Amino acid sequence: MIAIINYGSGNIQAIGNIYTRLNIPYIVVSEPEQLNEATKIILPGVGAFDQAINELEKSGLRQSLNEHVLQRKKNILGICVGMQLLAHSSEEGIAKGLGWIDGTVKKFEHSSFTQATHLPHMGWNNVEPKKPNELFEEVDLNFGYYFLHSYYFSCNQQEDILSVTHYGKQFVSAVSSNNIYGVQFHPEKSHQAGIQLLKNFANL
Amino acid sequence: MNNSVQICTNCVMDTSDAVITFDEKGVCDHCNDFYKNVLPNWHTDDRGRTTLNQIVEKIKKLGKGKDFDCILGMSGGVDSSFLLHMAVKDFGLRPLVFHVDGGWNSELAVNNIEVMIDKLKLDLFTEVIDWEDMRDFQLAFFKAGVPHLDIPQDHAFIATLYNFANKHNIKYILNGGNISTECVRNPLEWMYYGTDMAQLNDIRNRYCTRPLKNYPFSPILKHKLYLRYIKGIQVVKPLNYIPYMKKDAIKLLTEQYGWKEYPQKHFESRFTKFYEGYWLPEKFGYDTRKVQYSSLILTNQMTREEALEKLKLPAYDPATIEDDFKYIATKLEISVDELRSYFKAPNKSYKDYKSQQRMFNTGAKALKLFGIEKAIKR
Amino acid sequence: MLRPRIIPCLLVHNKGLVKTVNFSQPKYVGDPINAVKIFNEKEVDELVVLDIDATVNNIEPDYIMIQNLAVECRMPLCYGGGVKTAEQAKRIIKLGVEKVAISSAAVENPNIIPAIAEQIGSQSVVVVMDIKKNLKTGKYEIWTHNAKKNTCKDPVEFAKQLEQLGVGEITVNSIDQDGVMKGYDHNLITKIREVISVPITVLGGAGKFHDIELLIKKFGIIGAAAGSLFVFKGIYKAVLINYPSRQDKINIFNKAEYSI
């Protein structure tokens, strides 16, 4: 059963709509105990880093997620801010991230851009996978994915980089390490490319 | 499946058509009528061409000096699309191309209309039916429990098309109807006349909640008699005068226009897809594929074995049916449970409501007597 | 590389879709749900749906309609119309909508912006400015209530203020060009673009793909929104939903000399 974490952030309904149409069952989880039913977890998220982490802690989900993901090795997919939470910390705030993937979250540097209007990175852009993986299987990469963010994940380990995208310069658009995955873009808002990715995650 | 079903030995029509009859060889009346009454008069060779050329000349003559010499209703389906191609590219006609939007267009249909219009450099007219009225009228038919749920869409199309032809003083309607893929007609029990005002009004009076001020009603008297015989508007079916093979038509349209094929006939409308794919066969046991495949069998475009093989699978897609069901309910502004209750309700037929059927039968017989309409229209 | 967004914009009036010219003469264009479904199947970049009745009639947004539309969208959906409070915005977002657009509420009480941003994140807050040129003074002014009330506010100053308050995106909607299909108002866009750095989407005037090419050529990354262009076809304004295909988009970007 796929569990979509509800911690007050992210387009849960949109993710749910996709799984409903795919006839893949899911539950929305807001309490730690509910995670017991989960075989796979999706951590969505929009908005600010600190706020997201604080909500996770308040609900007790942070601890529970540590157990299910790090110990029980359940697959997890972080989306947008959900992916950024996988890092140690973010320039956006002061809170401590989950630290599951070795890296920090940084703001796009002004110097990379010629246009005044360049943040947030909003719209359709392409991803380039950097290692073999099941997440992008059968995805038409030419179509691209929808992005909406001002900060990006900076990996300390090359092997954690799942895909890169070009905006001003090249940045990490997806990460993966063992059972942990994160995508900076919004698969729930990226038409067929997104539906396929969510389907692939469910079928891992 | 009911074991006492008898299937025609020639086509695939069976006793789900309640009034079907079989001869001593087990061949049904649809087939025999085709061989006896239709085939001998159906010419797609030089004879057909000559007749067609005469008609085209008449159209051109009458249309001289006018913006358009004929009118063609486009659904995005293969017949009307191919007809449009022939009308412009082959016959050299100048059709007013027209589409009626009943609120159920699939993206495929919209795309196919667009590619044809663009490539042929034509201008399109549309009539968008007031959705609130259409929805109420459509729901009324669900509540009535009858099989002919397509009437609200059908009637709107017919009414609007004739009104348009009249308004623009166009004397010829090009119709994509054809013997090649439609020689076997849907039994009346399955799909009743869309122009029987007694039936429409009875269902409307009993089940509609809105006054339907914006819905285009048009009685048969008006369109078949007044507009046709008095104002002189004629319907022409050019696809009957040339060799029309479905596979070839699709190939041409795809290659020349970027036209995209539909999974099944009439699936350019989301409603018809649900109605013919699920509602009719599952609620009533009426599978329109049998009618379509039988036509193709009679015209040598499909074998009976192929048809029987395809009929083993459901007419709807099991993977998407739940979603389709939900969409229909959402559009009708009812709950899924309410829609299901109509599905489970007792099956009615046109006989449970008022009808002008007797008048039709007399009229159809008269037309046949004058040799105007071949084949039993039942 | 990031691509400029091409965004159909739909107006809802009396539960049906309409298209206007200069914000008046609404022409009925059909059922919203089926239209959104078709746009979704055409894989549009984003979709904007604006209820033009809610504010003038002082009624709540139609949450059921919004939910039904959101179910059909596999791309970002922006809803606007009658949104006045942070609670309403939050409720709308929860239905699966990406962004909430406010117009008159922002003009009447700009502080609503940080309040809404706090609930749904500033990236989801869009302010739509309906703008008309004053024929006497030649100055641009913001109007509300379907171009019935002139606030006399200067859109350039207001845009600056909005950015300070934390708006996520500003939509520049030209009343003068609405439905006319003769091209975007580059002059107006330039004035606003010069003073802010948040994303801009422009609406009003697109009549053909060439108008979008010109827009992108001049402004680079921008949201090109259109109503009439994606709903009408040909000289008789037949109602036929259309949207640039992938190849069409590549052609548009090439002609705009925008490299992707």
# chains A, B, ... in the order shown; residues from 1 in each chain; ligands from 1
>>> interface_residues(of="chain C", to="chain A", cutoff="8 Å", atoms="only C-alpha atoms", output="NGL selection string")
:C and (1-5 or 40 or 43 or 45 or 70-71 or 73-76 or 93-98 or 120-123 or 196-199)
>>> residues_around(residues="range 11-26 of chain C", least_positions_apart="4", cutoff="10 Å", atoms="only C-alpha atoms", output="ChimeraX atom specification")
/B:130-132 /C:30-33,35,48-54,62,65,80-81,130,132,145-148,174-181,204-205,227-228,231-232
>>> write_last_selection(atoms="N, CA and C atoms", output="mmCIF file, in the first residue's frame")
data_model
loop_
_atom_site.group_PDB
_atom_site.id
_atom_site.type_symbol
_atom_site.label_atom_id
_atom_site.label_comp_id
_atom_site.auth_asym_id
_atom_site.auth_seq_id
_atom_site.Cartn_x
_atom_site.Cartn_y
_atom_site.Cartn_z
ATOM 1 N N ASP B 130 -26.249 24.263 -25.397
ATOM 2 C CA ASP B 130 -26.243 24.677 -23.994
ATOM 3 C C ASP B 130 -26.085 23.442 -23.104
ATOM 4 N N TRP B 131 -24.980 23.357 -22.403
ATOM 5 C CA TRP B 131 -24.689 22.140 -21.658
ATOM 6 C C TRP B 131 -25.694 21.878 -20.546
ATOM 7 N N GLU B 132 -26.125 22.931 -19.835
ATOM 8 C CA GLU B 132 -27.063 22.715 -18.731
ATOM 9 C C GLU B 132 -28.347 22.069 -19.234
ATOM 10 N N GLY C 30 -19.171 26.452 -23.937
ATOM 11 C CA GLY C 30 -19.404 25.046 -23.596
ATOM 12 C C GLY C 30 -19.176 24.668 -22.158
ATOM 13 N N ASP C 31 -19.133 23.369 -21.938
ATOM 14 C CA ASP C 31 -19.007 22.809 -20.601
ATOM 15 C C ASP C 31 -17.561 22.842 -20.110
ATOM 16 N N PRO C 32 -17.306 23.397 -18.905
ATOM 17 C CA PRO C 32 -15.937 23.522 -18.397
ATOM 18 C C PRO C 32 -15.233 22.180 -18.193
ATOM 19 N N ILE C 33 -15.945 21.202 -17.657
ATOM 20 C CA ILE C 33 -15.277 19.947 -17.311
ATOM 21 C C ILE C 33 -14.714 19.262 -18.549
ATOM 22 N N ALA C 35 -13.996 20.634 -21.398
ATOM 23 C CA ALA C 35 -12.937 21.458 -21.975
ATOM 24 C C ALA C 35 -11.617 21.225 -21.244
ATOM 25 N N VAL C 48 -5.373 27.957 -16.538
ATOM 26 C CA VAL C 48 -5.955 28.927 -15.610
ATOM 27 C C VAL C 48 -7.462 28.919 -15.806
ATOM 28 N N VAL C 49 -8.208 28.816 -14.715
ATOM 29 C CA VAL C 49 -9.664 28.872 -14.775
ATOM 30 C C VAL C 49 -10.121 30.006 -13.869
ATOM 31 N N LEU C 50 -10.828 30.968 -14.435
ATOM 32 C CA LEU C 50 -11.300 32.121 -13.664
ATOM 33 C C LEU C 50 -12.812 32.182 -13.668
ATOM 34 N N ASP C 51 -13.386 32.216 -12.467
ATOM 35 C CA ASP C 51 -14.835 32.362 -12.341
ATOM 36 C C ASP C 51 -15.142 33.857 -12.313
ATOM 37 N N ILE C 52 -15.779 34.354 -13.382
ATOM 38 C CA ILE C 52 -15.969 35.808 -13.447
ATOM 39 C C ILE C 52 -17.255 36.271 -12.759
ATOM 40 N N ASP C 53 -17.991 35.328 -12.161
ATOM 41 C CA ASP C 53 -19.224 35.705 -11.447
ATOM 42 C C ASP C 53 -19.006 35.907 -9.964
ATOM 43 N N ALA C 54 -18.100 35.129 -9.387
ATOM 44 C CA ALA C 54 -18.013 35.036 -7.932
ATOM 45 C C ALA C 54 -17.847 36.379 -7.238
ATOM 46 N N ASP C 62 -17.090 28.040 -6.385
ATOM 47 C CA ASP C 62 -17.813 26.781 -6.534
ATOM 48 C C ASP C 62 -16.830 25.637 -6.320
ATOM 49 N N MET C 65 -17.202 22.418 -8.434
ATOM 50 C CA MET C 65 -16.697 22.564 -9.801
ATOM 51 C C MET C 65 -15.172 22.521 -9.786
ATOM 52 N N GLY C 80 -9.024 31.130 -10.054
ATOM 53 C CA GLY C 80 -9.297 32.468 -9.528
ATOM 54 C C GLY C 80 -10.766 32.778 -9.623
ATOM 55 N N GLY C 81 -11.227 33.648 -8.718
ATOM 56 C CA GLY C 81 -12.629 34.032 -8.761
ATOM 57 C C GLY C 81 -13.252 33.975 -7.394
ATOM 58 N N ASP C 130 -6.191 43.355 -13.837
ATOM 59 C CA ASP C 130 -6.931 43.674 -15.068
ATOM 60 C C ASP C 130 -6.658 45.139 -15.378
ATOM 61 N N LYS C 132 -6.535 48.616 -17.946
ATOM 62 C CA LYS C 132 -7.094 49.347 -19.097
ATOM 63 C C LYS C 132 -6.364 50.677 -19.211
ATOM 64 N N HIS C 145 -13.837 43.849 -10.798
ATOM 65 C CA HIS C 145 -15.249 43.513 -11.028
ATOM 66 C C HIS C 145 -15.600 43.474 -12.512
ATOM 67 N N ASN C 146 -14.831 42.689 -13.237
ATOM 68 C CA ASN C 146 -15.051 42.520 -14.679
ATOM 69 C C ASN C 146 -15.047 43.849 -15.417
ATOM 70 N N ALA C 147 -14.031 44.650 -15.113
ATOM 71 C CA ALA C 147 -13.829 45.938 -15.778
ATOM 72 C C ALA C 147 -14.983 46.899 -15.547
ATOM 73 N N LYS C 148 -15.605 46.799 -14.365
ATOM 74 C CA LYS C 148 -16.684 47.739 -14.065
ATOM 75 C C LYS C 148 -16.237 48.815 -13.080
ATOM 76 N N SER C 174 -4.708 42.372 -20.060
ATOM 77 C CA SER C 174 -5.074 43.599 -20.763
ATOM 78 C C SER C 174 -6.544 43.598 -21.179
ATOM 79 N N ILE C 175 -7.304 44.499 -20.584
ATOM 80 C CA ILE C 175 -8.727 44.600 -20.927
ATOM 81 C C ILE C 175 -8.889 45.077 -22.376
ATOM 82 N N ASP C 176 -8.023 46.008 -22.774
ATOM 83 C CA ASP C 176 -8.117 46.572 -24.122
ATOM 84 C C ASP C 176 -7.873 45.520 -25.198
ATOM 85 N N GLN C 177 -6.993 44.563 -24.922
ATOM 86 C CA GLN C 177 -6.651 43.551 -25.930
ATOM 87 C C GLN C 177 -7.487 42.278 -25.802
ATOM 88 N N ASP C 178 -8.271 42.172 -24.738
ATOM 89 C CA ASP C 178 -9.048 40.966 -24.478
ATOM 90 C C ASP C 178 -9.966 40.596 -25.643
ATOM 91 N N GLY C 179 -9.783 39.404 -26.187
ATOM 92 C CA GLY C 179 -10.670 38.908 -27.235
ATOM 93 C C GLY C 179 -10.474 39.536 -28.594
ATOM 94 N N VAL C 180 -9.589 40.501 -28.675
ATOM 95 C CA VAL C 180 -9.415 41.216 -29.935
ATOM 96 C C VAL C 180 -8.489 40.448 -30.886
ATOM 97 N N MET C 181 -7.641 39.645 -30.313
ATOM 98 C CA MET C 181 -6.751 38.775 -31.083
ATOM 99 C C MET C 181 -5.832 39.518 -32.051
ATOM 100 N N GLY C 204 -4.362 38.373 -22.818
ATOM 101 C CA GLY C 204 -5.102 39.399 -23.536
ATOM 102 C C GLY C 204 -4.445 39.788 -24.835
ATOM 103 N N GLY C 205 -5.049 39.341 -25.965
ATOM 104 C CA GLY C 205 -4.557 39.796 -27.248
ATOM 105 C C GLY C 205 -4.014 38.745 -28.190
ATOM 106 N N GLY C 227 -6.929 33.055 -24.212
ATOM 107 C CA GLY C 227 -8.258 32.466 -24.117
ATOM 108 C C GLY C 227 -8.768 32.153 -25.505
ATOM 109 N N SER C 228 -9.050 33.209 -26.260
ATOM 110 C CA SER C 228 -9.617 33.058 -27.600
ATOM 111 C C SER C 228 -8.787 32.160 -28.503
ATOM 112 N N VAL C 231 -9.433 28.506 -28.014
ATOM 113 C CA VAL C 231 -10.818 28.057 -27.972
ATOM 114 C C VAL C 231 -11.530 28.265 -29.307
ATOM 115 N N PHE C 232 -11.081 29.266 -30.063
ATOM 116 C CA PHE C 232 -11.709 29.549 -31.339
ATOM 117 C C PHE C 232 -10.840 29.124 -32.505
#
>>> residues_around(residues="Asn23 in chain A", least_positions_apart="2", cutoff="10 Å", atoms="only C-alpha atoms", output="list in words")
Asn17, Ile18, Tyr19, Thr20, Arg21, Pro25 and Tyr26 of chain A; Ala319, Thr320, Glu322 and Asp323 of chain B
>>> interface_residues(of="chain B", to="chain C", cutoff="7 Å", atoms="only C-alpha atoms", output="VMD selection string")
chain B and resid 103 to 104 106 to 107 110 123 to 126 128 130 to 131
>>> write_last_selection(atoms="N, CA and C atoms", output="compact mmCIF listing (two decimals), in the first residue's frame")
# COMPACT_ATOMS: atom_id res chain seq x y z
N GLY B 103 -20.97 18.64 -25.81
CA GLY B 103 -20.37 18.60 -24.47
C GLY B 103 -19.59 17.35 -24.16
N TRP B 104 -19.46 16.44 -25.15
CA TRP B 104 -18.79 15.19 -24.85
C TRP B 104 -17.59 14.91 -25.77
N SER B 106 -14.23 14.07 -27.43
CA SER B 106 -12.96 13.54 -26.97
C SER B 106 -11.86 14.38 -27.61
N GLU B 107 -10.66 14.30 -27.05
CA GLU B 107 -9.56 15.08 -27.62
C GLU B 107 -9.25 14.57 -29.02
N VAL B 110 -11.57 16.28 -31.50
CA VAL B 110 -11.21 17.68 -31.69
C VAL B 110 -9.94 17.78 -32.54
N ASP B 123 -12.96 26.73 -43.53
CA ASP B 123 -13.41 27.46 -42.34
C ASP B 123 -14.49 26.65 -41.64
N LEU B 124 -14.39 26.56 -40.35
CA LEU B 124 -15.31 25.73 -39.59
C LEU B 124 -16.40 26.57 -38.92
N PHE B 125 -17.61 26.01 -38.87
CA PHE B 125 -18.69 26.58 -38.07
C PHE B 125 -18.98 25.59 -36.94
N THR B 126 -19.35 26.10 -35.77
CA THR B 126 -19.76 25.18 -34.72
C THR B 126 -21.04 25.67 -34.07
N VAL B 128 -22.53 25.20 -30.30
CA VAL B 128 -22.31 24.62 -28.98
C VAL B 128 -23.66 24.53 -28.28
N ASP B 130 -26.25 24.26 -25.40
CA ASP B 130 -26.24 24.68 -23.99
C ASP B 130 -26.09 23.44 -23.10
N TRP B 131 -24.98 23.36 -22.40
CA TRP B 131 -24.69 22.14 -21.66
C TRP B 131 -25.69 21.88 -20.55
>>> closest_residue(among="A:Met1, A:Ala52, A:Leu22, A:Leu70", to="chain B", atoms="only C-alpha atoms")
A:Leu22
>>> residues_around(residues="range 294-307 of chain B", least_positions_apart="3", cutoff="10 Å", atoms="only C-alpha atoms", output="MDAnalysis selection string")
chainID B and resid 8:13 30:31 34:35 39 179:185 244:247 288:291 310:312
>>> write_last_selection(atoms="N, CA and C atoms", output="PDB file, in the first residue's frame")
ATOM      1  N   CYS B   8     -26.669 -15.675 -36.332  1.00  0.00           N
ATOM      2  CA  CYS B   8     -26.772 -15.854 -37.789  1.00  0.00           C
ATOM      3  C   CYS B   8     -25.554 -16.634 -38.283  1.00  0.00           C
ATOM      4  N   THR B   9     -25.757 -17.498 -39.246  1.00  0.00           N
ATOM      5  CA  THR B   9     -24.637 -18.299 -39.745  1.00  0.00           C
ATOM      6  C   THR B   9     -23.790 -17.521 -40.736  1.00  0.00           C
ATOM      7  N   ASN B  10     -24.293 -16.368 -41.145  1.00  0.00           N
ATOM      8  CA  ASN B  10     -23.581 -15.573 -42.148  1.00  0.00           C
ATOM      9  C   ASN B  10     -22.880 -14.368 -41.525  1.00  0.00           C
ATOM     10  N   CYS B  11     -23.617 -13.644 -40.658  1.00  0.00           N
ATOM     11  CA  CYS B  11     -23.004 -12.498 -39.983  1.00  0.00           C
ATOM     12  C   CYS B  11     -22.973 -12.816 -38.488  1.00  0.00           C
ATOM     13  N   VAL B  12     -22.945 -11.806 -37.640  1.00  0.00           N
ATOM     14  CA  VAL B  12     -22.920 -12.089 -36.195  1.00  0.00           C
ATOM     15  C   VAL B  12     -24.104 -11.489 -35.452  1.00  0.00           C
ATOM     16  N   MET B  13     -25.132 -11.076 -36.184  1.00  0.00           N
ATOM     17  CA  MET B  13     -26.346 -10.629 -35.490  1.00  0.00           C
ATOM     18  C   MET B  13     -26.975 -11.844 -34.839  1.00  0.00           C
ATOM     19  N   HIS B  30     -31.409  -9.584 -41.753  1.00  0.00           N
ATOM     20  CA  HIS B  30     -30.524  -8.473 -42.104  1.00  0.00           C
ATOM     21  C   HIS B  30     -29.724  -8.842 -43.354  1.00  0.00           C
ATOM     22  N   CYS B  31     -29.136 -10.023 -43.344  1.00  0.00           N
ATOM     23  CA  CYS B  31     -28.331 -10.486 -44.478  1.00  0.00           C
ATOM     24  C   CYS B  31     -29.182 -10.630 -45.725  1.00  0.00           C
ATOM     25  N   PHE B  34     -30.145  -7.473 -47.238  1.00  0.00           N
ATOM     26  CA  PHE B  34     -29.004  -6.853 -47.914  1.00  0.00           C
ATOM     27  C   PHE B  34     -28.802  -7.458 -49.302  1.00  0.00           C
ATOM     28  N   TYR B  35     -28.760  -8.781 -49.336  1.00  0.00           N
ATOM     29  CA  TYR B  35     -28.506  -9.444 -50.620  1.00  0.00           C
ATOM     30  C   TYR B  35     -29.618  -9.183 -51.616  1.00  0.00           C
ATOM     31  N   LEU B  39     -27.808  -4.900 -52.202  1.00  0.00           N
ATOM     32  CA  LEU B  39     -26.686  -5.224 -53.082  1.00  0.00           C
ATOM     33  C   LEU B  39     -26.958  -5.006 -54.573  1.00  0.00           C
ATOM     34  N   ILE B 179     -23.404   2.417 -46.965  1.00  0.00           N
ATOM     35  CA  ILE B 179     -23.778   1.004 -46.949  1.00  0.00           C
ATOM     36  C   ILE B 179     -22.584   0.150 -46.533  1.00  0.00           C
ATOM     37  N   SER B 180     -21.408   0.572 -46.987  1.00  0.00           N
ATOM     38  CA  SER B 180     -20.210  -0.240 -46.777  1.00  0.00           C
ATOM     39  C   SER B 180     -19.984  -0.635 -45.320  1.00  0.00           C
ATOM     40  N   THR B 181     -20.189   0.323 -44.390  1.00  0.00           N
ATOM     41  CA  THR B 181     -19.950  -0.013 -42.984  1.00  0.00           C
ATOM     42  C   THR B 181     -21.229   0.028 -42.160  1.00  0.00           C
ATOM     43  N   GLU B 182     -22.351   0.354 -42.798  1.00  0.00           N
ATOM     44  CA  GLU B 182     -23.585   0.507 -42.033  1.00  0.00           C
ATOM     45  C   GLU B 182     -24.786  -0.161 -42.678  1.00  0.00           C
ATOM     46  N   CYS B 183     -24.559  -1.159 -43.530  1.00  0.00           N
ATOM     47  CA  CYS B 183     -25.699  -1.767 -44.206  1.00  0.00           C
ATOM     48  C   CYS B 183     -26.618  -2.479 -43.208  1.00  0.00           C
ATOM     49  N   VAL B 184     -26.049  -2.994 -42.169  1.00  0.00           N
ATOM     50  CA  VAL B 184     -26.901  -3.540 -41.112  1.00  0.00           C
ATOM     51  C   VAL B 184     -27.188  -2.396 -40.142  1.00  0.00           C
ATOM     52  N   ARG B 185     -28.462  -2.179 -39.884  1.00  0.00           N
ATOM     53  CA  ARG B 185     -28.824  -1.054 -39.007  1.00  0.00           C
ATOM     54  C   ARG B 185     -29.086  -1.532 -37.588  1.00  0.00           C
ATOM     55  N   TYR B 244     -15.815   2.191 -50.875  1.00  0.00           N
ATOM     56  CA  TYR B 244     -15.443   2.770 -49.586  1.00  0.00           C
ATOM     57  C   TYR B 244     -15.061   1.659 -48.628  1.00  0.00           C
ATOM     58  N   MET B 245     -13.758   1.492 -48.413  1.00  0.00           N
ATOM     59  CA  MET B 245     -13.272   0.451 -47.510  1.00  0.00           C
ATOM     60  C   MET B 245     -12.708   1.127 -46.271  1.00  0.00           C
ATOM     61  N   LYS B 246     -13.206   0.741 -45.142  1.00  0.00           N
ATOM     62  CA  LYS B 246     -12.849   1.416 -43.897  1.00  0.00           C
ATOM     63  C   LYS B 246     -11.339   1.465 -43.666  1.00  0.00           C
ATOM     64  N   LYS B 247     -10.669   0.320 -43.870  1.00  0.00           N
ATOM     65  CA  LYS B 247      -9.225   0.279 -43.599  1.00  0.00           C
ATOM     66  C   LYS B 247      -8.466   1.259 -44.488  1.00  0.00           C
ATOM     67  N   THR B 288     -23.597  -3.121 -29.946  1.00  0.00           N
ATOM     68  CA  THR B 288     -23.626  -2.525 -31.287  1.00  0.00           C
ATOM     69  C   THR B 288     -22.462  -2.985 -32.166  1.00  0.00           C
ATOM     70  N   ARG B 289     -21.465  -3.577 -31.555  1.00  0.00           N
ATOM     71  CA  ARG B 289     -20.366  -4.109 -32.363  1.00  0.00           C
ATOM     72  C   ARG B 289     -20.882  -5.190 -33.310  1.00  0.00           C
ATOM     73  N   LYS B 290     -21.910  -5.926 -32.847  1.00  0.00           N
ATOM     74  CA  LYS B 290     -22.469  -6.980 -33.699  1.00  0.00           C
ATOM     75  C   LYS B 290     -23.030  -6.374 -34.979  1.00  0.00           C
ATOM     76  N   VAL B 291     -23.682  -5.224 -34.835  1.00  0.00           N
ATOM     77  CA  VAL B 291     -24.247  -4.536 -35.998  1.00  0.00           C
ATOM     78  C   VAL B 291     -23.125  -4.058 -36.915  1.00  0.00           C
ATOM     79  N   LYS B 310     -13.421 -11.089 -31.710  1.00  0.00           N
ATOM     80  CA  LYS B 310     -13.456  -9.776 -31.046  1.00  0.00           C
ATOM     81  C   LYS B 310     -14.604  -9.675 -30.059  1.00  0.00           C
ATOM     82  N   LEU B 311     -15.722 -10.309 -30.389  1.00  0.00           N
ATOM     83  CA  LEU B 311     -16.901 -10.213 -29.537  1.00  0.00           C
ATOM     84  C   LEU B 311     -16.735 -10.975 -28.229  1.00  0.00           C
ATOM     85  N   LYS B 312     -15.689 -11.773 -28.145  1.00  0.00           N
ATOM     86  CA  LYS B 312     -15.456 -12.509 -26.897  1.00  0.00           C
ATOM     87  C   LYS B 312     -15.031 -11.547 -25.787  1.00  0.00           C
TER      88      LYS B 312
END
>>> closest_residue(among="A:Ala95, A:Ile24, A:Ile180, A:Cys80", to="Leu198 in chain A", atoms="only C-alpha atoms")
A:Ile24
>>> residues_around(residues="Ile102 in chain C", least_positions_apart="4", cutoff="10 Å", atoms="only C-alpha atoms", output="PyMOL selection string")
chain C and resi 50+79-85+89+106-107+112-113+125-129+170-171
>>> residues_around(residues="Pro244 in chain C", least_positions_apart="6", cutoff="9 Å", atoms="only C-alpha atoms", output="ChimeraX atom specification")
/C:6,42,44,209,230,252
>>> residues_around(residues="range 44-56 of chain B", least_positions_apart="5", cutoff="9 Å", atoms="only C-alpha atoms", output="list in words")
Lys61, Phe91, Gly92, Leu93, Val236, Pro238, Leu239, Asn240, Tyr241, Ile242, Pro243 and Tyr244 of chain B
>>> atom_distance(atom1="CA of Lys160 in chain C", atom2="CA of Val195 in chain C")
6.5 Å
>>> select_by_dssp(residues="range 112-255 of chain C", states="helix (DSSP H, G or I)", output="count of residues only")
56
>>> select_by_dssp(residues="range 152-204 of chain C", states="strand (DSSP E or B)", output="PyMOL selection string")
chain C and resi 152-153+169-174+200-203
>>> closest_residue(among="B:Ser81, B:Gln264, B:Ser349, B:Ser4", to="Ser16 in chain B", atoms="only C-alpha atoms")
B:Ser4
>>> closest_residue(among="A:Gln84, A:Gln51, A:Ser90, A:Asn156", to="Ala174 in chain A", atoms="only C-alpha atoms")
A:Gln84
>>> decode(residues="range 112-137 of chain A", atoms="C-alpha atoms", output="short mmCIF file (atom, residue, chain, number, x, y, z; two decimals), in the first residue's frame")
data_model
loop_
_atom_site.label_atom_id
_atom_site.label_comp_id
_atom_site.auth_asym_id
_atom_site.auth_seq_id
_atom_site.Cartn_x
_atom_site.Cartn_y
_atom_site.Cartn_z
CA SER A 112 24.36 32.09 -13.10
CA PHE A 113 21.66 34.12 -14.78
CA THR A 114 21.50 37.01 -17.21
CA GLN A 115 17.81 37.77 -16.75
CA ALA A 116 16.55 39.68 -13.73
CA THR A 117 13.54 37.43 -13.49
CA HIS A 118 14.91 33.98 -12.83
CA LEU A 119 13.46 32.77 -9.56
CA PRO A 120 11.71 30.59 -8.82
CA HIS A 121 12.69 28.04 -11.45
CA MET A 122 9.13 27.65 -12.70
CA GLY A 123 7.95 25.74 -15.71
CA TRP A 124 8.86 22.77 -17.87
CA ASN A 125 12.45 21.61 -18.12
CA ASN A 126 14.27 18.42 -19.07
CA VAL A 127 16.01 15.90 -16.87
CA GLU A 128 19.05 13.85 -17.83
CA PRO A 129 19.41 10.57 -15.87
CA LYS A 130 22.93 9.97 -14.63
CA LYS A 131 22.74 6.31 -13.66
CA PRO A 132 20.65 3.27 -14.53
CA ASN A 133 17.41 3.28 -12.59
CA GLU A 134 13.82 2.09 -12.59
CA LEU A 135 12.23 5.42 -11.85
CA PHE A 136 12.60 6.79 -15.38
CA GLU A 137 11.79 3.56 -17.17
#
